[in-house]
Amino acid sequence: MNENIFYFDGELVRLDVFLSEKLNLTRSAVQKLIEGDNVTVNGKIPDKSYKLKFNDEVVAVIPEPEPLSVEAENIPLDIVYEDDCLLVVNKPKGMVVHPAPGNYSGTLVNALMWHCKDSLSGINGVLRPGIVHRIDKDTSGLLIVAKNDLAHQHLAEQIKEHSFTREYEAVVVGNLKANEGLVELPIGRHPVNRKQMAVTYKNSKPAKTHYRVLKKANNLTHIRLTLFTGRTHQIRVHMSYLGHPVAGDLVYGRAGAKYKSLRGQCLHAKKIGFVHPKTNEYLEFESELPTYFNEFLKENGFSGNF
């Protein structure tokens, strides 16, 4: 158990903001510490929105990490690259990345526990060992997994600084007029449906997506996208806001995006690039479009090699 004591000597600031900077943790991680009664201010348990006053004594106790208890499962993995620091995995459509209520088995993490044994970073806790970033259940493609905490921190910093290369391909509904475009619209929780994200200027974060048209057919557009930020559901939210939801996305596209042959959005994480945390060499990997994606293109009149 790690106890940290700080004395506040500045102007009014929220407790979670102050501790996030001092402990080098995300605000959500700090809020979990506060909600778990692991933080006191002047000997009392505060609210997470408490605003610090001059000379407040803040004590933050970081509990020892729980031993990993996720069950390892012998699930085949499509490993694109692996060394003693990390691995790059090509996740299939329909696989959940980490255990959560309703999905405690059959996830990528269950498979990683079998493949990597104890060699996974523990920064994200019991349910998300090794997971540096995520893609949605029904999004296929590449993601990176850290085998130790130092690698995890190094890779997470690249994502934070937006130096991480992430390119996707998608099929969206309708014909985009411009051959390419840049969407810079903030994303936050939907003001009504808290399970969804939305373009909003309230309690949001900057989000930036570039798209380029590859081909058009049958009132659909095949596009390549580059993420400059990594907000939850970023591509799906931005394209829906433009009036061109990702085909198959019934959350942000609803009935207008429904296609019988698709179960979930037609979205693939095609390319990933990063600086290796140990060698400092820039590595880049690209995956082929999966079968479901190619079949959807062909059945809707797209021709040529994809």
# chains A, B, ... in the order shown; residues from 1 in each chain; ligands from 1
$ residues_around --residues "range 265-278 of chain A" --least-positions-apart "4" --cutoff "7 Å" --atoms "only C-alpha atoms" --output "list in words"
Asp138, Thr139, Ser140, Gly141, Leu142, Ala151, His154, Leu155, Phe164, Thr165, Arg166, Glu167, Tyr168, Glu169, Ala170, Val171, Val246, Ala247, Gly248, Asp249, Tyr282, Leu283, Glu284, Phe285, Glu286, Ser287 and Phe293 of chain A
$ select_by_dssp --residues "range 23-223 of chain A" --states "strand (DSSP E)" --output "PyMOL selection string"
chain A and resi 39-41+51-52+57-62+79-82+86-91+140-146+165-173+180-184+187-189+197-199+204-205+208-217+220-223
$ residues_around --residues "His152 in chain A" --least-positions-apart "3" --cutoff "10 Å" --atoms "only C-alpha atoms" --output "PDB file with all heavy atoms, in the first residue's frame"
ATOM      1  N   CYS A  85       8.603  -7.225 -25.153  1.00  0.00           N
ATOM      2  CA  CYS A  85       7.956  -6.028 -24.620  1.00  0.00           C
ATOM      3  C   CYS A  85       6.473  -5.919 -24.973  1.00  0.00           C
ATOM      4  O   CYS A  85       5.685  -5.389 -24.185  1.00  0.00           O
ATOM      5  CB  CYS A  85       8.649  -4.766 -25.152  1.00  0.00           C
ATOM      6  SG  CYS A  85      10.261  -4.430 -24.441  1.00  0.00           S
ATOM      7  N   LEU A  86       6.117  -6.422 -26.129  1.00  0.00           N
ATOM      8  CA  LEU A  86       4.763  -6.165 -26.619  1.00  0.00           C
ATOM      9  C   LEU A  86       4.367  -7.169 -27.697  1.00  0.00           C
ATOM     10  O   LEU A  86       5.188  -7.943 -28.177  1.00  0.00           O
ATOM     11  CB  LEU A  86       4.687  -4.747 -27.189  1.00  0.00           C
ATOM     12  CG  LEU A  86       5.674  -4.400 -28.315  1.00  0.00           C
ATOM     13  CD1 LEU A  86       5.078  -4.702 -29.700  1.00  0.00           C
ATOM     14  CD2 LEU A  86       6.093  -2.950 -28.245  1.00  0.00           C
ATOM     15  N   LEU A 120       2.193  -9.734 -18.737  1.00  0.00           N
ATOM     16  CA  LEU A 120       1.311  -8.672 -19.204  1.00  0.00           C
ATOM     17  C   LEU A 120       1.386  -7.523 -18.209  1.00  0.00           C
ATOM     18  O   LEU A 120       1.474  -7.747 -16.992  1.00  0.00           O
ATOM     19  CB  LEU A 120      -0.139  -9.164 -19.304  1.00  0.00           C
ATOM     20  CG  LEU A 120      -0.484 -10.111 -20.457  1.00  0.00           C
ATOM     21  CD1 LEU A 120      -1.888 -10.664 -20.271  1.00  0.00           C
ATOM     22  CD2 LEU A 120      -0.357  -9.416 -21.807  1.00  0.00           C
ATOM     23  N   SER A 121       1.345  -6.294 -18.701  1.00  0.00           N
ATOM     24  CA  SER A 121       1.391  -5.153 -17.789  1.00  0.00           C
ATOM     25  C   SER A 121       0.158  -5.146 -16.891  1.00  0.00           C
ATOM     26  O   SER A 121      -0.920  -5.600 -17.288  1.00  0.00           O
ATOM     27  CB  SER A 121       1.467  -3.845 -18.580  1.00  0.00           C
ATOM     28  OG  SER A 121       0.247  -3.569 -19.232  1.00  0.00           O
ATOM     29  N   GLY A 122       0.317  -4.609 -15.681  1.00  0.00           N
ATOM     30  CA  GLY A 122      -0.790  -4.587 -14.733  1.00  0.00           C
ATOM     31  C   GLY A 122      -1.359  -3.206 -14.494  1.00  0.00           C
ATOM     32  O   GLY A 122      -2.180  -3.018 -13.598  1.00  0.00           O
ATOM     33  N   ILE A 123      -0.959  -2.221 -15.307  1.00  0.00           N
ATOM     34  CA  ILE A 123      -1.364  -0.838 -15.073  1.00  0.00           C
ATOM     35  C   ILE A 123      -2.877  -0.662 -15.114  1.00  0.00           C
ATOM     36  O   ILE A 123      -3.448   0.074 -14.304  1.00  0.00           O
ATOM     37  CB  ILE A 123      -0.681   0.095 -16.102  1.00  0.00           C
ATOM     38  CG1 ILE A 123       0.801   0.223 -15.749  1.00  0.00           C
ATOM     39  CG2 ILE A 123      -1.330   1.467 -16.136  1.00  0.00           C
ATOM     40  CD1 ILE A 123       1.606   1.069 -16.713  1.00  0.00           C
ATOM     41  N   ASN A 124      -3.546  -1.349 -16.013  1.00  0.00           N
ATOM     42  CA  ASN A 124      -5.002  -1.168 -16.146  1.00  0.00           C
ATOM     43  C   ASN A 124      -5.809  -2.135 -15.282  1.00  0.00           C
ATOM     44  O   ASN A 124      -7.019  -2.281 -15.471  1.00  0.00           O
ATOM     45  CB  ASN A 124      -5.420  -1.287 -17.608  1.00  0.00           C
ATOM     46  CG  ASN A 124      -5.339   0.041 -18.337  1.00  0.00           C
ATOM     47  OD1 ASN A 124      -5.383   1.093 -17.713  1.00  0.00           O
ATOM     48  ND2 ASN A 124      -5.196   0.006 -19.643  1.00  0.00           N
ATOM     49  N   GLY A 130      -2.387  -5.613 -19.796  1.00  0.00           N
ATOM     50  CA  GLY A 130      -1.734  -5.474 -21.090  1.00  0.00           C
ATOM     51  C   GLY A 130      -2.413  -4.553 -22.072  1.00  0.00           C
ATOM     52  O   GLY A 130      -1.827  -4.168 -23.089  1.00  0.00           O
ATOM     53  N   ILE A 131      -3.656  -4.162 -21.808  1.00  0.00           N
ATOM     54  CA  ILE A 131      -4.428  -3.400 -22.788  1.00  0.00           C
ATOM     55  C   ILE A 131      -4.044  -1.922 -22.746  1.00  0.00           C
ATOM     56  O   ILE A 131      -4.320  -1.219 -21.776  1.00  0.00           O
ATOM     57  CB  ILE A 131      -5.940  -3.570 -22.547  1.00  0.00           C
ATOM     58  CG1 ILE A 131      -6.322  -5.049 -22.616  1.00  0.00           C
ATOM     59  CG2 ILE A 131      -6.727  -2.755 -23.568  1.00  0.00           C
ATOM     60  CD1 ILE A 131      -5.976  -5.724 -23.930  1.00  0.00           C
ATOM     61  N   VAL A 132      -3.397  -1.455 -23.800  1.00  0.00           N
ATOM     62  CA  VAL A 132      -2.958  -0.068 -23.899  1.00  0.00           C
ATOM     63  C   VAL A 132      -4.066   0.796 -24.515  1.00  0.00           C
ATOM     64  O   VAL A 132      -4.289   1.930 -24.109  1.00  0.00           O
ATOM     65  CB  VAL A 132      -1.678   0.042 -24.758  1.00  0.00           C
ATOM     66  CG1 VAL A 132      -1.212   1.484 -24.847  1.00  0.00           C
ATOM     67  CG2 VAL A 132      -0.572  -0.836 -24.181  1.00  0.00           C
ATOM     68  N   HIS A 133      -4.752   0.271 -25.512  1.00  0.00           N
ATOM     69  CA  HIS A 133      -5.875   0.965 -26.143  1.00  0.00           C
ATOM     70  C   HIS A 133      -6.862  -0.094 -26.610  1.00  0.00           C
ATOM     71  O   HIS A 133      -6.531  -1.273 -26.679  1.00  0.00           O
ATOM     72  CB  HIS A 133      -5.414   1.825 -27.327  1.00  0.00           C
ATOM     73  CG  HIS A 133      -4.860   1.020 -28.463  1.00  0.00           C
ATOM     74  ND1 HIS A 133      -5.446   0.929 -29.695  1.00  0.00           N
ATOM     75  CD2 HIS A 133      -3.744   0.243 -28.542  1.00  0.00           C
ATOM     76  CE1 HIS A 133      -4.738   0.151 -30.481  1.00  0.00           C
ATOM     77  NE2 HIS A 133      -3.695  -0.281 -29.811  1.00  0.00           N
ATOM     78  N   ILE A 144      -2.387  -2.965 -29.996  1.00  0.00           N
ATOM     79  CA  ILE A 144      -1.117  -3.290 -29.373  1.00  0.00           C
ATOM     80  C   ILE A 144      -1.335  -3.675 -27.913  1.00  0.00           C
ATOM     81  O   ILE A 144      -2.202  -3.128 -27.228  1.00  0.00           O
ATOM     82  CB  ILE A 144      -0.137  -2.102 -29.496  1.00  0.00           C
ATOM     83  CG1 ILE A 144       1.260  -2.507 -29.067  1.00  0.00           C
ATOM     84  CG2 ILE A 144      -0.618  -0.897 -28.732  1.00  0.00           C
ATOM     85  CD1 ILE A 144       2.311  -1.473 -29.405  1.00  0.00           C
ATOM     86  N   VAL A 145      -0.544  -4.645 -27.432  1.00  0.00           N
ATOM     87  CA  VAL A 145      -0.643  -5.145 -26.063  1.00  0.00           C
ATOM     88  C   VAL A 145       0.733  -5.040 -25.413  1.00  0.00           C
ATOM     89  O   VAL A 145       1.738  -5.414 -26.021  1.00  0.00           O
ATOM     90  CB  VAL A 145      -1.115  -6.621 -26.049  1.00  0.00           C
ATOM     91  CG1 VAL A 145      -1.135  -7.171 -24.632  1.00  0.00           C
ATOM     92  CG2 VAL A 145      -2.491  -6.744 -26.702  1.00  0.00           C
ATOM     93  N   ALA A 146       0.791  -4.522 -24.191  1.00  0.00           N
ATOM     94  CA  ALA A 146       2.066  -4.350 -23.485  1.00  0.00           C
ATOM     95  C   ALA A 146       2.317  -5.523 -22.545  1.00  0.00           C
ATOM     96  O   ALA A 146       1.420  -5.957 -21.827  1.00  0.00           O
ATOM     97  CB  ALA A 146       2.069  -3.045 -22.698  1.00  0.00           C
ATOM     98  N   LYS A 147       3.555  -6.004 -22.541  1.00  0.00           N
ATOM     99  CA  LYS A 147       3.905  -7.135 -21.686  1.00  0.00           C
ATOM    100  C   LYS A 147       4.454  -6.716 -20.321  1.00  0.00           C
ATOM    101  O   LYS A 147       4.593  -7.557 -19.430  1.00  0.00           O
ATOM    102  CB  LYS A 147       4.928  -8.025 -22.397  1.00  0.00           C
ATOM    103  CG  LYS A 147       4.346  -8.852 -23.533  1.00  0.00           C
ATOM    104  CD  LYS A 147       5.372  -9.839 -24.045  1.00  0.00           C
ATOM    105  CE  LYS A 147       4.777 -10.798 -25.057  1.00  0.00           C
ATOM    106  NZ  LYS A 147       5.755 -11.800 -25.525  1.00  0.00           N
ATOM    107  N   ASN A 148       4.804  -5.444 -20.168  1.00  0.00           N
ATOM    108  CA  ASN A 148       5.284  -4.973 -18.868  1.00  0.00           C
ATOM    109  C   ASN A 148       4.887  -3.514 -18.688  1.00  0.00           C
ATOM    110  O   ASN A 148       4.490  -2.833 -19.639  1.00  0.00           O
ATOM    111  CB  ASN A 148       6.804  -5.147 -18.735  1.00  0.00           C
ATOM    112  CG  ASN A 148       7.572  -4.435 -19.834  1.00  0.00           C
ATOM    113  OD1 ASN A 148       7.558  -3.208 -19.917  1.00  0.00           O
ATOM    114  ND2 ASN A 148       8.248  -5.205 -20.690  1.00  0.00           N
ATOM    115  N   ASP A 149       4.994  -3.027 -17.451  1.00  0.00           N
ATOM    116  CA  ASP A 149       4.512  -1.686 -17.140  1.00  0.00           C
ATOM    117  C   ASP A 149       5.304  -0.583 -17.845  1.00  0.00           C
ATOM    118  O   ASP A 149       4.743   0.432 -18.251  1.00  0.00           O
ATOM    119  CB  ASP A 149       4.552  -1.457 -15.623  1.00  0.00           C
ATOM    120  CG  ASP A 149       3.476  -2.248 -14.890  1.00  0.00           C
ATOM    121  OD1 ASP A 149       2.673  -2.925 -15.573  1.00  0.00           O
ATOM    122  OD2 ASP A 149       3.430  -2.200 -13.651  1.00  0.00           O
ATOM    123  N   LEU A 155       4.137   3.435 -24.378  1.00  0.00           N
ATOM    124  CA  LEU A 155       3.143   3.420 -25.458  1.00  0.00           C
ATOM    125  C   LEU A 155       1.967   4.338 -25.156  1.00  0.00           C
ATOM    126  O   LEU A 155       1.470   5.041 -26.045  1.00  0.00           O
ATOM    127  CB  LEU A 155       2.654   1.991 -25.689  1.00  0.00           C
ATOM    128  CG  LEU A 155       3.715   1.020 -26.221  1.00  0.00           C
ATOM    129  CD1 LEU A 155       3.260  -0.426 -26.031  1.00  0.00           C
ATOM    130  CD2 LEU A 155       4.021   1.307 -27.684  1.00  0.00           C
ATOM    131  N   ALA A 156       1.536   4.356 -23.894  1.00  0.00           N
ATOM    132  CA  ALA A 156       0.417   5.220 -23.502  1.00  0.00           C
ATOM    133  C   ALA A 156       0.784   6.692 -23.676  1.00  0.00           C
ATOM    134  O   ALA A 156      -0.069   7.515 -24.049  1.00  0.00           O
ATOM    135  CB  ALA A 156       0.017   4.941 -22.060  1.00  0.00           C
ATOM    136  N   GLU A 157       2.035   7.021 -23.437  1.00  0.00           N
ATOM    137  CA  GLU A 157       2.484   8.401 -23.604  1.00  0.00           C
ATOM    138  C   GLU A 157       2.437   8.817 -25.074  1.00  0.00           C
ATOM    139  O   GLU A 157       2.084   9.948 -25.404  1.00  0.00           O
ATOM    140  CB  GLU A 157       3.908   8.553 -23.068  1.00  0.00           C
ATOM    141  CG  GLU A 157       4.402   9.987 -22.993  1.00  0.00           C
ATOM    142  CD  GLU A 157       3.603  10.858 -22.028  1.00  0.00           C
ATOM    143  OE1 GLU A 157       3.002  10.306 -21.074  1.00  0.00           O
ATOM    144  OE2 GLU A 157       3.573  12.084 -22.241  1.00  0.00           O
ATOM    145  N   PRO A 277       9.189   0.778 -27.377  1.00  0.00           N
ATOM    146  CA  PRO A 277       9.601   1.307 -26.074  1.00  0.00           C
ATOM    147  C   PRO A 277      11.020   0.921 -25.642  1.00  0.00           C
ATOM    148  O   PRO A 277      11.585   1.563 -24.764  1.00  0.00           O
ATOM    149  CB  PRO A 277       8.557   0.712 -25.115  1.00  0.00           C
ATOM    150  CG  PRO A 277       7.990  -0.458 -25.821  1.00  0.00           C
ATOM    151  CD  PRO A 277       8.039  -0.121 -27.274  1.00  0.00           C
TER     152      PRO A 277
END
$ residues_around --residues "range 28-35 of chain A" --least-positions-apart "6" --cutoff "10 Å" --atoms "only C-alpha atoms" --output "PyMOL selection string"
chain A and resi 15-21+45-49+60-63+124
$ closest_residue --among "A:Thr226, A:Arg231, A:Asn24, A:Asp37" --to "Ser204 in chain A" --atoms "only C-alpha atoms"
A:Arg231
$ residues_around --residues "Glu299 in chain A" --least-positions-apart "5" --cutoff "10 Å" --atoms "only C-alpha atoms" --output "PyMOL selection string"
chain A and resi 218+261+294
$ atom_distance --atom1 "CA of His222 in chain A" --atom2 "CA of Gly174 in chain A"
10.0 Å
$ closest_residue --among "A:Lys216, A:Arg134, A:Arg194, A:Lys53" --to "Gly301 in chain A" --atoms "only C-alpha atoms"
A:Lys216
$ residues_around --residues "Val109 in chain A" --least-positions-apart "4" --cutoff "12 Å" --atoms "only C-alpha atoms" --output "PyMOL selection string"
chain A and resi 68-77+89+91+95-100+103-105+113-117+120-121+124-132+134+145-146
$ residues_around --residues "range 178-180 of chain A" --least-positions-apart "2" --cutoff "12 Å" --atoms "only C-alpha atoms" --output "PyMOL selection string"
chain A and resi 175-176+182-183+209-216+221-226+242
$ decode --residues "range 210-269 of chain A" --atoms "C-alpha atoms" --output "short mmCIF file (atom, residue, chain, number, x, y, z; two decimals), in the first residue's frame"
data_model
loop_
_atom_site.label_atom_id
_atom_site.label_comp_id
_atom_site.auth_asym_id
_atom_site.auth_seq_id
_atom_site.Cartn_x
_atom_site.Cartn_y
_atom_site.Cartn_z
CA HIS A 210 -9.24 12.79 -41.26
CA TYR A 211 -11.04 10.84 -43.99
CA ARG A 212 -10.21 10.12 -47.62
CA VAL A 213 -12.58 8.58 -50.17
CA LEU A 214 -11.38 5.37 -51.81
CA LYS A 215 -14.42 4.33 -53.87
CA LYS A 216 -18.16 4.91 -54.16
CA ALA A 217 -20.92 2.48 -55.14
CA ASN A 218 -24.60 1.79 -54.45
CA ASN A 219 -25.07 4.83 -52.16
CA LEU A 220 -22.10 3.73 -50.05
CA THR A 221 -18.57 5.14 -49.73
CA HIS A 222 -15.42 3.18 -48.90
CA ILE A 223 -13.07 5.46 -46.96
CA ARG A 224 -9.66 5.47 -45.25
CA LEU A 225 -9.53 7.30 -41.90
CA THR A 226 -6.67 8.59 -39.77
CA LEU A 227 -7.16 9.21 -36.06
CA PHE A 228 -5.27 12.11 -34.51
CA THR A 229 -7.03 11.57 -31.17
CA GLY A 230 -8.52 8.43 -29.67
CA ARG A 231 -11.91 9.24 -28.18
CA THR A 232 -14.44 6.51 -27.50
CA HIS A 233 -16.38 5.67 -30.70
CA GLN A 234 -14.65 8.60 -32.42
CA ILE A 235 -15.01 7.49 -36.04
CA ARG A 236 -18.57 6.28 -35.55
CA VAL A 237 -19.63 9.54 -33.86
CA HIS A 238 -17.90 11.86 -36.32
CA MET A 239 -19.19 10.09 -39.43
CA SER A 240 -22.71 9.93 -38.02
CA TYR A 241 -22.57 13.65 -37.26
CA LEU A 242 -21.65 14.30 -40.90
CA GLY A 243 -24.75 12.38 -41.94
CA HIS A 244 -22.76 9.37 -43.16
CA PRO A 245 -22.86 6.73 -40.41
CA VAL A 246 -20.72 3.62 -40.69
CA ALA A 247 -22.66 0.87 -42.45
CA GLY A 248 -24.00 -1.63 -39.94
CA ASP A 249 -23.75 0.78 -37.00
CA LEU A 250 -27.19 0.58 -35.41
CA VAL A 251 -26.13 2.69 -32.42
CA TYR A 252 -25.15 5.86 -34.28
CA GLY A 253 -26.71 5.09 -37.66
CA ARG A 254 -29.89 3.36 -36.51
CA ALA A 255 -32.21 1.92 -39.16
CA GLY A 256 -30.58 3.87 -41.98
CA ALA A 257 -27.34 1.95 -41.50
CA LYS A 258 -28.89 -1.52 -41.32
CA TYR A 259 -27.69 -4.16 -43.79
CA LYS A 260 -28.71 -7.81 -43.55
CA SER A 261 -25.19 -9.13 -44.19
CA LEU A 262 -23.57 -6.99 -41.48
CA ARG A 263 -23.66 -7.67 -37.77
CA GLY A 264 -22.16 -4.51 -36.36
CA GLN A 265 -20.28 -1.69 -38.05
CA CYS A 266 -18.14 -2.18 -41.17
CA LEU A 267 -14.99 -0.74 -39.61
CA HIS A 268 -11.45 -2.14 -39.60
CA ALA A 269 -8.31 -0.92 -37.78
#
